[in-house]
Structures are given as C-alpha cells and as structure tokens.
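J.: What follows is run_21.tsv, TSV, C-alpha atoms.
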chain	number	residue	atom	x	y	z
Z	22	MET	CA	71.90	114.55	108.31
Z	23	THR	CA	70.33	114.10	111.73
Z	24	LYS	CA	70.93	115.96	114.97
Z	25	THR	CA	73.33	113.23	116.09
Z	26	ASP	CA	75.51	113.43	112.94
Z	27	PRO	CA	78.61	115.62	113.27
Z	28	CYS	CA	78.59	118.83	111.26
Z	29	PRO	CA	80.62	118.51	107.99
Z	30	ALA	CA	82.42	121.79	108.74
Z	31	ARG	CA	83.45	120.47	112.14
Z	32	LEU	CA	84.80	117.28	110.57
Z	33	ALA	CA	86.82	119.29	108.03
Z	34	ALA	CA	88.19	121.55	110.78
Z	35	HIS	CA	89.20	118.52	112.85
Z	36	ALA	CA	90.91	116.87	109.87
Z	37	THR	CA	92.78	120.09	109.04
Z	38	ALA	CA	93.92	120.59	112.64
Z	39	THR	CA	95.02	117.04	113.38
Z	40	ALA	CA	96.08	115.20	110.23
Z	41	VAL	CA	98.72	115.45	107.52
Z	42	CYS	CA	97.16	115.52	104.04
Z	43	PRO	CA	98.52	112.67	101.89
Z	44	THR	CA	97.12	114.31	98.75
Z	45	CYS	CA	98.72	117.77	98.92
Z	46	GLN	CA	101.41	116.99	101.53
Z	47	VAL	CA	100.64	119.77	104.01
Z	48	ALA	CA	101.21	119.61	107.75
Z	49	PRO	CA	98.48	119.55	110.40
Z	50	GLY	CA	97.01	123.02	110.86
Z	51	THR	CA	97.65	124.02	107.22
Z	52	GLU	CA	94.77	124.25	104.72
Z	53	CYS	CA	94.70	121.77	101.85
Z	54	ARG	CA	95.91	123.24	98.56
Z	55	LYS	CA	94.97	122.82	94.92
Z	56	SER	CA	97.70	121.75	92.50
Z	57	ASP	CA	98.32	125.43	91.65
Z	58	GLY	CA	98.94	126.27	95.34
Z	59	ARG	CA	95.67	128.07	96.03
Z	60	PRO	CA	93.66	127.03	99.13
Z	61	LEU	CA	91.17	124.26	98.45
Z	62	GLY	CA	88.52	125.57	100.87
Z	63	ASP	CA	87.93	122.11	102.34
Z	64	ALA	CA	90.01	119.10	103.32
Z	65	HIS	CA	90.80	116.39	100.77
Z	66	PRO	CA	88.94	113.10	101.41
Z	67	ALA	CA	92.28	111.38	102.15
Z	68	ARG	CA	92.86	113.85	104.99
Z	69	HIS	CA	89.51	112.91	106.54
Z	70	THR	CA	90.66	109.28	106.37
Z	71	GLU	CA	93.99	110.18	108.03
Z	72	ALA	CA	92.14	112.00	110.83
Z	73	GLY	CA	90.16	108.84	111.45
Z	74	GLY	CA	86.80	110.57	111.69
Z	75	THR	CA	87.21	111.03	115.45
Z	76	ALA	CA	85.56	114.47	115.62
Z	77	THR	CA	82.09	114.17	117.11
Can you present the structure in this file as structure tokens?
T.:
Amino acid sequence: MTKTDPCPARLAAHATATAVCPTCQVAPGTECRKSDGRPLGDAHPARHTEAGGTAT
C-alpha cells in the first residue's frame, strides 16, 4: 500500500454506507452479517463491488 492508495477501512466504511450487500442481503448503512446473524466485522467482497470502489 502506498500513500496514494485508499485505506482499506475507509473502503469498507464506504461500501457499508452506500451499497446493498448481495451476499447477506442487508441495506446500506447496515453491517454485513455472517450466516448465523452475527456481525461480520467487514464488508463482503460483493458489497465492495456493488459500491464501485468510488471511495478515495
């Protein structure tokens, strides 16, 4: 990672705030969930794709 690369935590926060997660079917602003309903702690890769990687 270089100084010009966006921070992974910022990308995850952007994906969580702006995109629906196709994997766990949660709305924007809701944390991704594991199959047992507990918070994942990060966004699923499909959610990052949905967000379009526009956070910089």
J.: Have a look at atom CA of Arg68 of chain Z and atom CA of Thr39 of chain Z and let me know their distance in Å, one decimal.
T.: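 Going from atom CA of Arg68 of chain Z over to atom CA of Thr39 of chain Z, I get 9.2 Å.
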J.: Between Z:Pro49, Z:Asp26, Z:Ala33, Z:Ala40, which is the closest to Glu71 of chain Z once you count all atoms listed in the file?
T.: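 Using all atoms listed in the file, the shortest distance to Glu71 of chain Z belongs to Z:Ala40.
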J.: Find, counting all atoms listed in the file, the residue in Z:Leu61, Z:Thr23, Z:Ala30, Z:Ala67 that gets nearest to Thr44 of chain Z.
T.: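 Among Z:Leu61, Z:Thr23, Z:Ala30, Z:Ala67, it is Z:Ala67 that comes nearest to Thr44 of chain Z.
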J.: Hey, which of Z:Thr70, Z:Asp63, Z:Lys55, Z:Val47 ends up closest to Arg31 of chain Z? Count only C-alpha atoms.
T.: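 With only C-alpha atoms as the atom set, the closest residue is Z:Asp63.
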J.: Identify, on the basis of only C-alpha atoms, every residue whose closest approach to Ala34 of chain Z does not exceed 12 Å; exclude the query and any residue fewer than 3 positions from it along the same chain; express the result as a PyMOL selection string.
T.: chain Z and resi 27-31+37-40+49-53+62-65+68-69+72+74-77
J.: Now that the selection is made, can you save its residues with C-alpha atoms as a short mmCIF file (atom, residue, chain, number, x, y, z; two decimals), in the frame of the given file?
T.:
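result_12.cif written:
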data_model
loop_
_atom_site.label_atom_id
_atom_site.label_comp_id
_atom_site.auth_asym_id
_atom_site.auth_seq_id
_atom_site.Cartn_x
_atom_site.Cartn_y
_atom_site.Cartn_z
CA PRO Z 27 78.61 115.62 113.27
CA CYS Z 28 78.59 118.83 111.26
CA PRO Z 29 80.62 118.51 107.99
CA ALA Z 30 82.42 121.79 108.74
CA ARG Z 31 83.45 120.47 112.14
CA THR Z 37 92.78 120.09 109.04
CA ALA Z 38 93.92 120.59 112.64
CA THR Z 39 95.02 117.04 113.38
CA ALA Z 40 96.08 115.20 110.23
CA PRO Z 49 98.48 119.55 110.40
CA GLY Z 50 97.01 123.02 110.86
CA THR Z 51 97.65 124.02 107.22
CA GLU Z 52 94.77 124.25 104.72
CA CYS Z 53 94.70 121.77 101.85
CA GLY Z 62 88.52 125.57 100.87
CA ASP Z 63 87.93 122.11 102.34
CA ALA Z 64 90.01 119.10 103.32
CA HIS Z 65 90.80 116.39 100.77
CA ARG Z 68 92.86 113.85 104.99
CA HIS Z 69 89.51 112.91 106.54
CA ALA Z 72 92.14 112.00 110.83
CA GLY Z 74 86.80 110.57 111.69
CA THR Z 75 87.21 111.03 115.45
CA ALA Z 76 85.56 114.47 115.62
CA THR Z 77 82.09 114.17 117.11
#
J.: Specify the axis-aligned box that encloses all atoms of segment 54-71 of chain Z listed in the file after padding of 6 Å on each side, stating its centre and edge lengths in Å to one decimal as JSON.
T.:
{"center_x": 93.4, "center_y": 118.7, "center_z": 99.8, "size_x": 23.0, "size_y": 30.8, "size_z": 28.4}
J.: Extract segment 23-47 of chain Z from the coordinates I pasted, and write it as an mmCIF file, in the first residue's frame (atoms kept: N, CA and C atoms).
T.:
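File produced: selection-v8.cif:
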data_model
loop_
_atom_site.group_PDB
_atom_site.id
_atom_site.type_symbol
_atom_site.label_atom_id
_atom_site.label_comp_id
_atom_site.auth_asym_id
_atom_site.auth_seq_id
_atom_site.Cartn_x
_atom_site.Cartn_y
_atom_site.Cartn_z
ATOM 1 N N THR Z 23 0.575 2.181 -0.854
ATOM 2 C CA THR Z 23 1.317 3.441 -0.906
ATOM 3 C C THR Z 23 0.465 4.559 -0.312
ATOM 4 N N LYS Z 24 1.057 5.720 -0.187
ATOM 5 C CA LYS Z 24 0.320 6.860 0.363
ATOM 6 C C LYS Z 24 -0.876 7.254 -0.496
ATOM 7 N N THR Z 25 -0.850 6.931 -1.776
ATOM 8 C CA THR Z 25 -1.956 7.308 -2.656
ATOM 9 C C THR Z 25 -3.068 6.266 -2.702
ATOM 10 N N ASP Z 26 -2.844 5.076 -2.126
ATOM 11 C CA ASP Z 26 -3.881 4.047 -2.074
ATOM 12 C C ASP Z 26 -4.877 4.382 -0.963
ATOM 13 N N PRO Z 27 -6.178 4.191 -1.224
ATOM 14 C CA PRO Z 27 -7.149 4.431 -0.157
ATOM 15 C C PRO Z 27 -6.999 3.408 0.970
ATOM 16 N N CYS Z 28 -7.279 3.814 2.157
ATOM 17 C CA CYS Z 28 -7.205 2.954 3.338
ATOM 18 C C CYS Z 28 -8.282 1.865 3.248
ATOM 19 N N PRO Z 29 -7.942 0.586 3.491
ATOM 20 C CA PRO Z 29 -8.931 -0.491 3.432
ATOM 21 C C PRO Z 29 -10.134 -0.260 4.350
ATOM 22 N N ALA Z 30 -9.908 0.314 5.525
ATOM 23 C CA ALA Z 30 -11.018 0.591 6.439
ATOM 24 C C ALA Z 30 -11.962 1.640 5.850
ATOM 25 N N ARG Z 31 -11.400 2.601 5.154
ATOM 26 C CA ARG Z 31 -12.230 3.633 4.521
ATOM 27 C C ARG Z 31 -13.057 3.033 3.390
ATOM 28 N N LEU Z 32 -12.468 2.131 2.621
ATOM 29 C CA LEU Z 32 -13.208 1.466 1.552
ATOM 30 C C LEU Z 32 -14.355 0.631 2.113
ATOM 31 N N ALA Z 33 -14.107 -0.092 3.202
ATOM 32 C CA ALA Z 33 -15.150 -0.903 3.832
ATOM 33 C C ALA Z 33 -16.265 -0.011 4.380
ATOM 34 N N ALA Z 34 -15.901 1.108 4.996
ATOM 35 C CA ALA Z 34 -16.907 2.028 5.528
ATOM 36 C C ALA Z 34 -17.756 2.616 4.406
ATOM 37 N N HIS Z 35 -17.122 2.954 3.292
ATOM 38 C CA HIS Z 35 -17.852 3.494 2.144
ATOM 39 C C HIS Z 35 -18.818 2.449 1.586
ATOM 40 N N ALA Z 36 -18.346 1.219 1.429
ATOM 41 C CA ALA Z 36 -19.193 0.147 0.904
ATOM 42 C C ALA Z 36 -20.383 -0.091 1.826
ATOM 43 N N THR Z 37 -20.151 -0.113 3.128
ATOM 44 C CA THR Z 37 -21.223 -0.334 4.099
ATOM 45 C C THR Z 37 -22.242 0.796 4.046
ATOM 46 N N ALA Z 38 -21.785 2.014 3.915
ATOM 47 C CA ALA Z 38 -22.677 3.180 3.936
ATOM 48 C C ALA Z 38 -23.478 3.358 2.655
ATOM 49 N N THR Z 39 -22.945 2.895 1.520
ATOM 50 C CA THR Z 39 -23.578 3.246 0.249
ATOM 51 C C THR Z 39 -24.161 2.096 -0.552
ATOM 52 N N ALA Z 40 -23.819 0.861 -0.250
ATOM 53 C CA ALA Z 40 -24.242 -0.240 -1.110
ATOM 54 C C ALA Z 40 -25.019 -1.317 -0.358
ATOM 55 N N VAL Z 41 -25.967 -1.923 -1.074
ATOM 56 C CA VAL Z 41 -26.659 -3.109 -0.579
ATOM 57 C C VAL Z 41 -25.682 -4.274 -0.703
ATOM 58 N N CYS Z 42 -25.712 -5.201 0.250
ATOM 59 C CA CYS Z 42 -24.833 -6.369 0.156
ATOM 60 C C CYS Z 42 -25.581 -7.514 -0.514
ATOM 61 N N PRO Z 43 -25.142 -7.943 -1.703
ATOM 62 C CA PRO Z 43 -25.802 -9.063 -2.380
ATOM 63 C C PRO Z 43 -25.594 -10.398 -1.666
ATOM 64 N N THR Z 44 -24.568 -10.498 -0.852
ATOM 65 C CA THR Z 44 -24.269 -11.761 -0.168
ATOM 66 C C THR Z 44 -25.199 -11.995 1.020
ATOM 67 N N CYS Z 45 -25.309 -11.007 1.908
ATOM 68 C CA CYS Z 45 -26.127 -11.202 3.112
ATOM 69 C C CYS Z 45 -27.433 -10.422 3.079
ATOM 70 N N GLN Z 46 -27.684 -9.688 1.983
ATOM 71 C CA GLN Z 46 -28.959 -9.001 1.754
ATOM 72 C C GLN Z 46 -29.300 -7.962 2.822
ATOM 73 N N VAL Z 47 -28.324 -7.137 3.202
ATOM 74 C CA VAL Z 47 -28.598 -6.054 4.141
ATOM 75 C C VAL Z 47 -28.598 -4.722 3.397
#
